[in-house]
file protein_29.pdb (PDB, C-alpha atoms, pLDDT in the B column)
ATOM      1  CA  PRO P  25    -206.260-118.598 116.114  1.00 44.00           C
ATOM      2  CA  VAL P  26    -208.516-121.502 116.962  1.00 50.00           C
ATOM      3  CA  GLU P  27    -210.136-121.872 120.365  1.00 48.00           C
ATOM      4  CA  LEU P  28    -210.486-125.320 121.881  1.00 49.00           C
ATOM      5  CA  GLN P  29    -211.983-126.713 125.036  1.00 47.00           C
ATOM      6  CA  VAL P  30    -209.597-129.177 126.663  1.00 48.00           C
ATOM      7  CA  LEU P  31    -210.217-131.294 129.763  1.00 46.00           C
ATOM      8  CA  LEU P  32    -207.382-131.530 132.255  1.00 44.00           C
ATOM      9  CA  ASP P  33    -206.355-135.004 133.452  1.00 48.00           C
ATOM     10  CA  SER P  34    -205.394-133.875 136.915  1.00 45.00           C
ATOM     11  CA  GLY P  35    -205.446-130.760 139.029  1.00 46.00           C
ATOM     12  CA  LYS P  36    -203.440-132.176 141.936  1.00 45.00           C
ATOM     13  CA  GLU P  37    -200.315-130.096 141.338  1.00 46.00           C
ATOM     14  CA  ALA P  38    -199.559-127.467 143.950  1.00 41.00           C
ATOM     15  CA  GLY P  39    -201.209-124.155 143.187  1.00 46.00           C
ATOM     16  CA  SER P  40    -203.420-125.610 140.456  1.00 49.00           C
ATOM     17  CA  PRO P  41    -206.319-123.199 139.817  1.00 51.00           C
ATOM     18  CA  THR P  42    -208.643-125.922 138.513  1.00 46.00           C
ATOM     19  CA  SER P  43    -210.007-129.135 139.870  1.00 47.00           C
ATOM     20  CA  ARG P  44    -209.827-132.566 138.257  1.00 52.00           C
ATOM     21  CA  SER P  45    -211.473-132.755 134.814  1.00 62.00           C
ATOM     22  CA  SER P  46    -212.426-129.081 134.784  1.00 66.00           C
ATOM     23  CA  PRO P  47    -212.793-127.662 131.279  1.00 67.00           C
ATOM     24  CA  ILE P  48    -210.387-124.896 130.329  1.00 68.00           C
ATOM     25  CA  ARG P  49    -210.290-122.757 127.231  1.00 71.00           C
ATOM     26  CA  LEU P  50    -207.061-122.542 125.263  1.00 73.00           C
ATOM     27  CA  GLU P  51    -206.295-120.378 122.279  1.00 77.00           C
ATOM     28  CA  GLY P  52    -203.648-121.293 119.776  1.00 80.00           C
ATOM     29  CA  VAL P  53    -202.827-122.396 116.266  1.00 83.00           C
ATOM     30  CA  VAL P  54    -203.803-125.923 115.252  1.00 85.00           C
ATOM     31  CA  ARG P  55    -201.046-127.922 113.577  1.00 86.00           C
ATOM     32  CA  SER P  56    -201.817-131.282 112.012  1.00 88.00           C
ATOM     33  CA  ARG P  57    -199.494-134.167 112.695  1.00 87.00           C
ATOM     34  CA  PRO P  58    -197.587-135.341 109.610  1.00 85.00           C
ATOM     35  CA  GLY P  59    -199.752-137.675 107.538  1.00 86.00           C
ATOM     36  CA  CYS P  60    -202.821-137.192 109.741  1.00 86.00           C
ATOM     37  CA  GLU P  61    -204.564-134.266 108.047  1.00 87.00           C
ATOM     38  CA  LEU P  62    -208.224-134.647 107.072  1.00 92.00           C
ATOM     39  CA  SER P  63    -210.144-132.873 104.352  1.00 91.00           C
ATOM     40  CA  ALA P  64    -213.470-131.189 105.165  1.00 89.00           C
ATOM     41  CA  PRO P  65    -216.153-132.839 103.023  1.00 91.00           C
ATOM     42  CA  PHE P  66    -217.843-129.710 101.627  1.00 88.00           C
ATOM     43  CA  SER P  67    -215.069-127.106 101.466  1.00 86.00           C
ATOM     44  CA  GLY P  68    -212.193-129.513 100.780  1.00 87.00           C
ATOM     45  CA  ARG P  69    -210.093-127.479 103.216  1.00 86.00           C
ATOM     46  CA  PRO P  70    -207.486-129.264 105.336  1.00 88.00           C
ATOM     47  CA  CYS P  71    -208.654-129.824 108.913  1.00 87.00           C
ATOM     48  CA  VAL P  72    -208.101-131.996 111.988  1.00 89.00           C
ATOM     49  CA  LEU P  73    -211.771-132.532 112.845  1.00 88.00           C
ATOM     50  CA  TYR P  74    -215.153-131.923 111.274  1.00 89.00           C
ATOM     51  CA  SER P  75    -218.844-132.601 111.625  1.00 89.00           C
ATOM     52  CA  ALA P  76    -220.898-132.446 108.432  1.00 90.00           C
ATOM     53  CA  SER P  77    -224.557-133.079 107.773  1.00 90.00           C
ATOM     54  CA  VAL P  78    -227.166-132.596 105.076  1.00 90.00           C
ATOM     55  CA  SER P  79    -230.795-131.963 105.980  1.00 87.00           C
ATOM     56  CA  HIS P  80    -233.956-131.433 104.024  1.00 81.00           C
ATOM     57  CA  GLY P  81    -235.295-128.009 104.949  1.00 71.00           C
ATOM     58  CA  PHE P  82    -239.001-127.372 104.582  1.00 68.00           C
ATOM     59  CA  ASP P  83    -240.428-123.880 105.142  1.00 68.00           C
ATOM     60  CA  GLY P  84    -237.389-122.883 107.215  1.00 66.00           C
ATOM     61  CA  VAL P  85    -237.593-125.916 109.535  1.00 72.00           C
ATOM     62  CA  CYS P  86    -234.695-128.379 109.454  1.00 68.00           C
ATOM     63  CA  SER P  87    -235.524-132.040 109.690  1.00 81.00           C
ATOM     64  CA  PRO P  88    -233.171-134.712 111.050  1.00 86.00           C
ATOM     65  CA  PRO P  89    -230.074-135.182 108.881  1.00 89.00           C
ATOM     66  CA  LEU P  90    -230.365-137.173 105.674  1.00 91.00           C
ATOM     67  CA  ALA P  91    -226.610-137.741 105.758  1.00 94.00           C
ATOM     68  CA  TYR P  92    -224.038-137.258 108.511  1.00 94.00           C
ATOM     69  CA  ARG P  93    -220.318-137.812 109.022  1.00 94.00           C
ATOM     70  CA  ALA P  94    -217.843-136.705 111.682  1.00 92.00           C
ATOM     71  CA  ALA P  95    -214.130-137.431 111.836  1.00 93.00           C
ATOM     72  CA  GLN P  96    -211.172-136.345 113.892  1.00 92.00           C
ATOM     73  CA  THR P  97    -207.473-136.994 114.251  1.00 92.00           C
ATOM     74  CA  ASP P  98    -204.916-136.173 116.926  1.00 91.00           C
ATOM     75  CA  PHE P  99    -203.207-132.817 116.450  1.00 90.00           C
ATOM     76  CA  LEU P 100    -200.881-130.273 118.004  1.00 87.00           C
ATOM     77  CA  LEU P 101    -201.925-126.933 119.463  1.00 85.00           C
ATOM     78  CA  GLU P 102    -199.249-124.238 119.307  1.00 86.00           C
ATOM     79  CA  VAL P 103    -199.815-122.002 122.326  1.00 82.00           C
ATOM     80  CA  GLY P 104    -198.322-118.525 122.634  1.00 76.00           C
ATOM     81  CA  CYS P 105    -195.212-117.124 121.050  1.00 72.00           C
ATOM     82  CA  PHE P 106    -192.818-119.516 122.812  1.00 71.00           C
ATOM     83  CA  GLU P 107    -193.422-122.453 120.445  1.00 74.00           C
ATOM     84  CA  VAL P 108    -195.129-124.504 123.151  1.00 80.00           C
ATOM     85  CA  PHE P 109    -196.999-127.434 121.584  1.00 83.00           C
ATOM     86  CA  LEU P 110    -199.729-129.442 123.282  1.00 81.00           C
ATOM     87  CA  THR P 111    -200.777-132.791 121.861  1.00 84.00           C
ATOM     88  CA  VAL P 112    -204.567-133.007 121.682  1.00 83.00           C
ATOM     89  CA  GLN P 113    -206.504-136.209 121.084  1.00 83.00           C
ATOM     90  CA  GLY P 114    -209.060-135.404 118.392  1.00 84.00           C
ATOM     91  CA  ARG P 115    -211.783-137.410 120.123  1.00 83.00           C
ATOM     92  CA  GLU P 116    -211.366-135.205 123.223  1.00 79.00           C
ATOM     93  CA  ALA P 117    -211.747-131.873 121.381  1.00 78.00           C
ATOM     94  CA  ALA P 118    -215.124-130.204 120.894  1.00 71.00           C
ATOM     95  CA  LEU P 119    -216.228-127.801 118.194  1.00 65.00           C
ATOM     96  CA  PHE P 120    -217.740-124.630 119.611  1.00 65.00           C
ATOM     97  CA  ASP P 121    -218.110-120.975 118.729  1.00 62.00           C
ATOM     98  CA  MET P 122    -217.521-121.789 115.067  1.00 61.00           C
ATOM     99  CA  ALA P 123    -217.410-118.861 112.681  1.00 63.00           C
ATOM    100  CA  GLU P 124    -214.982-119.274 109.779  1.00 67.00           C
ATOM    101  CA  GLY P 125    -215.469-123.015 109.295  1.00 67.00           C
ATOM    102  CA  LEU P 126    -219.270-122.979 109.408  1.00 72.00           C
ATOM    103  CA  GLN P 127    -220.978-123.403 106.059  1.00 75.00           C
ATOM    104  CA  ALA P 128    -224.690-123.418 105.279  1.00 78.00           C
ATOM    105  CA  HIS P 129    -225.976-123.707 101.713  1.00 81.00           C
ATOM    106  CA  SER P 130    -229.279-124.580 100.117  1.00 83.00           C
ATOM    107  CA  HIS P 131    -229.363-126.643  96.901  1.00 84.00           C
ATOM    108  CA  ALA P 132    -231.689-129.058  95.218  1.00 88.00           C
ATOM    109  CA  PHE P 133    -229.910-132.419  95.144  1.00 89.00           C
ATOM    110  CA  ALA P 134    -229.591-132.378  91.339  1.00 92.00           C
ATOM    111  CA  SER P 135    -227.965-128.911  91.347  1.00 92.00           C
ATOM    112  CA  ALA P 136    -225.581-129.549  94.259  1.00 90.00           C
ATOM    113  CA  PRO P 137    -221.885-129.975  93.418  1.00 91.00           C
ATOM    114  CA  PRO P 138    -221.020-133.594  92.520  1.00 92.00           C
ATOM    115  CA  ALA P 139    -218.813-134.015  95.619  1.00 91.00           C
ATOM    116  CA  TRP P 140    -221.753-132.986  97.839  1.00 90.00           C
ATOM    117  CA  GLN P 141    -224.069-135.446  96.085  1.00 93.00           C
ATOM    118  CA  SER P 142    -221.470-138.174  96.664  1.00 95.00           C
ATOM    119  CA  PHE P 143    -221.307-137.236 100.380  1.00 93.00           C
ATOM    120  CA  VAL P 144    -225.073-137.687 100.737  1.00 94.00           C
ATOM    121  CA  LEU P 145    -225.063-141.060  98.987  1.00 95.00           C
ATOM    122  CA  ALA P 146    -222.030-142.341 100.935  1.00 95.00           C
ATOM    123  CA  HIS P 147    -223.208-141.223 104.401  1.00 96.00           C
ATOM    124  CA  LEU P 148    -226.981-141.703 104.414  1.00 93.00           C
ATOM    125  CA  ALA P 149    -228.412-141.675 107.932  1.00 89.00           C
ATOM    126  CA  PRO P 150    -230.184-144.865 108.999  1.00 84.00           C
TER     127      PRO P 150
END

call {"tool": "encode", "arguments": {"input": "protein_29.pdb", "output": "structure tokens"}}
result
Amino acid sequence: PVELQVLLDSGKEAGSPTSRSSPIRLEGVVRSRPGCELSAPFSGRPCVLYSASVSHGFDGVCSPPLAYRAAQTDFLLEVGCFEVFLTVQGREAALFDMAEGLQAHSHAFASAPPAWQSFVLAHLAP
């Protein structure tokens, strides 16, 4: 399961336990919308949102990113065993408490996989 933080549009319904725009935490299975799936730049795994950066580490201290790219698409969140689907706007979702999707590797540029080298060259930070 994937956990997401979703902001409610309104809490005006009778008996609503939250107030307007209060964050709530939902757990469910992310389902991409047909034709809207992204590919994570380093793993190549299918995803609905990602944030990827490359930094030059020096003596264990990370500098600002040399290259950065983030992307997202709208997706469905399947909640519970009753096949309830919520439509989530990708730009409204936030990555947090990442475990499985987090990757950290150290390579000299010349020894990095070709796709990673291409990422750096295509998404150089200003």

call {"tool": "resolve_selection", "arguments": {"input": "protein_29.pdb", "expression": "the PyMOL selection byres ((chain P and resi 72) around 6)", "output": "ChimeraX atom specification"}}
result
/P:61-62,71,73,96-97

call {"tool": "write_last_selection", "arguments": {"input": "protein_29.pdb", "atoms": "C-alpha atoms", "output": "PDB file, in the frame of the given file"}}
result
ATOM      1  CA  GLU P  61    -204.564-134.266 108.047  1.00 87.00           C
ATOM      2  CA  LEU P  62    -208.224-134.647 107.072  1.00 92.00           C
ATOM      3  CA  CYS P  71    -208.654-129.824 108.913  1.00 87.00           C
ATOM      4  CA  LEU P  73    -211.771-132.532 112.845  1.00 88.00           C
ATOM      5  CA  GLN P  96    -211.172-136.345 113.892  1.00 92.00           C
ATOM      6  CA  THR P  97    -207.473-136.994 114.251  1.00 92.00           C
TER       7      THR P  97
END

call {"tool": "closest_residue", "arguments": {"input": "protein_29.pdb", "among": "P:Val85, P:Val108, P:Ala146, P:Ala139", "to": "Glu51 in chain P", "atoms": "only C-alpha atoms"}}
result
P:Val108

call {"tool": "closest_residue", "arguments": {"input": "protein_29.pdb", "among": "P:Val78, P:Ala128, P:Ala118, P:Val54", "to": "Leu100 in chain P", "atoms": "all atoms listed in the file"}}
result
P:Val54

call {"tool": "atom_distance", "arguments": {"input": "protein_29.pdb", "atom1": "CA of Arg93 in chain P", "atom2": "CA of Ala76 in chain P"}}
result
5.4 Å

call {"tool": "closest_residue", "arguments": {"input": "protein_29.pdb", "among": "P:Ser63, P:Ser87, P:Ser77, P:Thr111", "to": "His129 in chain P", "atoms": "all atoms listed in the file"}}
result
P:Ser77

call {"tool": "atom_distance", "arguments": {"input": "protein_29.pdb", "atom1": "CA of Ala64 in chain P", "atom2": "CA of Ala94 in chain P"}}
result
9.6 Å

call {"tool": "atom_distance", "arguments": {"input": "protein_29.pdb", "atom1": "CA of Ala117 in chain P", "atom2": "CA of Arg55 in chain P"}}
result
13.8 Å

call {"tool": "closest_residue", "arguments": {"input": "protein_29.pdb", "among": "P:Gly114, P:Ser56, P:Phe66, P:His80", "to": "Ser130 in chain P", "atoms": "only C-alpha atoms"}}
result
P:His80

call {"tool": "residues_around", "arguments": {"input": "protein_29.pdb", "residues": "His147 in chain P", "least_positions_apart": "4", "cutoff": "8 Å", "atoms": "only C-alpha atoms", "output": "PyMOL selection string"}}
result
chain P and resi 91-93+143

call {"tool": "write_last_selection", "arguments": {"input": "protein_29.pdb", "atoms": "C-alpha atoms", "output": "mmCIF file, in the coordinates of the input"}}
result
data_model
loop_
_atom_site.group_PDB
_atom_site.id
_atom_site.type_symbol
_atom_site.label_atom_id
_atom_site.label_comp_id
_atom_site.auth_asym_id
_atom_site.auth_seq_id
_atom_site.Cartn_x
_atom_site.Cartn_y
_atom_site.Cartn_z
ATOM 1 C CA ALA P 91 -226.610 -137.741 105.758
ATOM 2 C CA TYR P 92 -224.038 -137.258 108.511
ATOM 3 C CA ARG P 93 -220.318 -137.812 109.022
ATOM 4 C CA PHE P 143 -221.307 -137.236 100.380
#

call {"tool": "closest_residue", "arguments": {"input": "protein_29.pdb", "among": "P:Pro58, P:Pro150, P:Gly104, P:Gly52", "to": "Leu90 in chain P", "atoms": "all atoms listed in the file"}}
result
P:Pro150

call {"tool": "residues_around", "arguments": {"input": "protein_29.pdb", "residues": "Phe133 in chain P", "least_positions_apart": "4", "cutoff": "10 Å", "atoms": "all atoms listed in the file", "output": "list in words"}}
result
His80, Pro137, Pro138, Trp140, Gln141 and Val144 of chain P

call {"tool": "axis_aligned_box", "arguments": {"input": "protein_29.pdb", "around": "range 72-82 of chain P", "padding_each_side": "5 Å", "output": "lines of an AutoDock Vina configuration file"}}
result
center_x = -223.6
center_y = -130.2
center_z = 108.4
size_x = 40.9
size_y = 15.7
size_z = 18.8
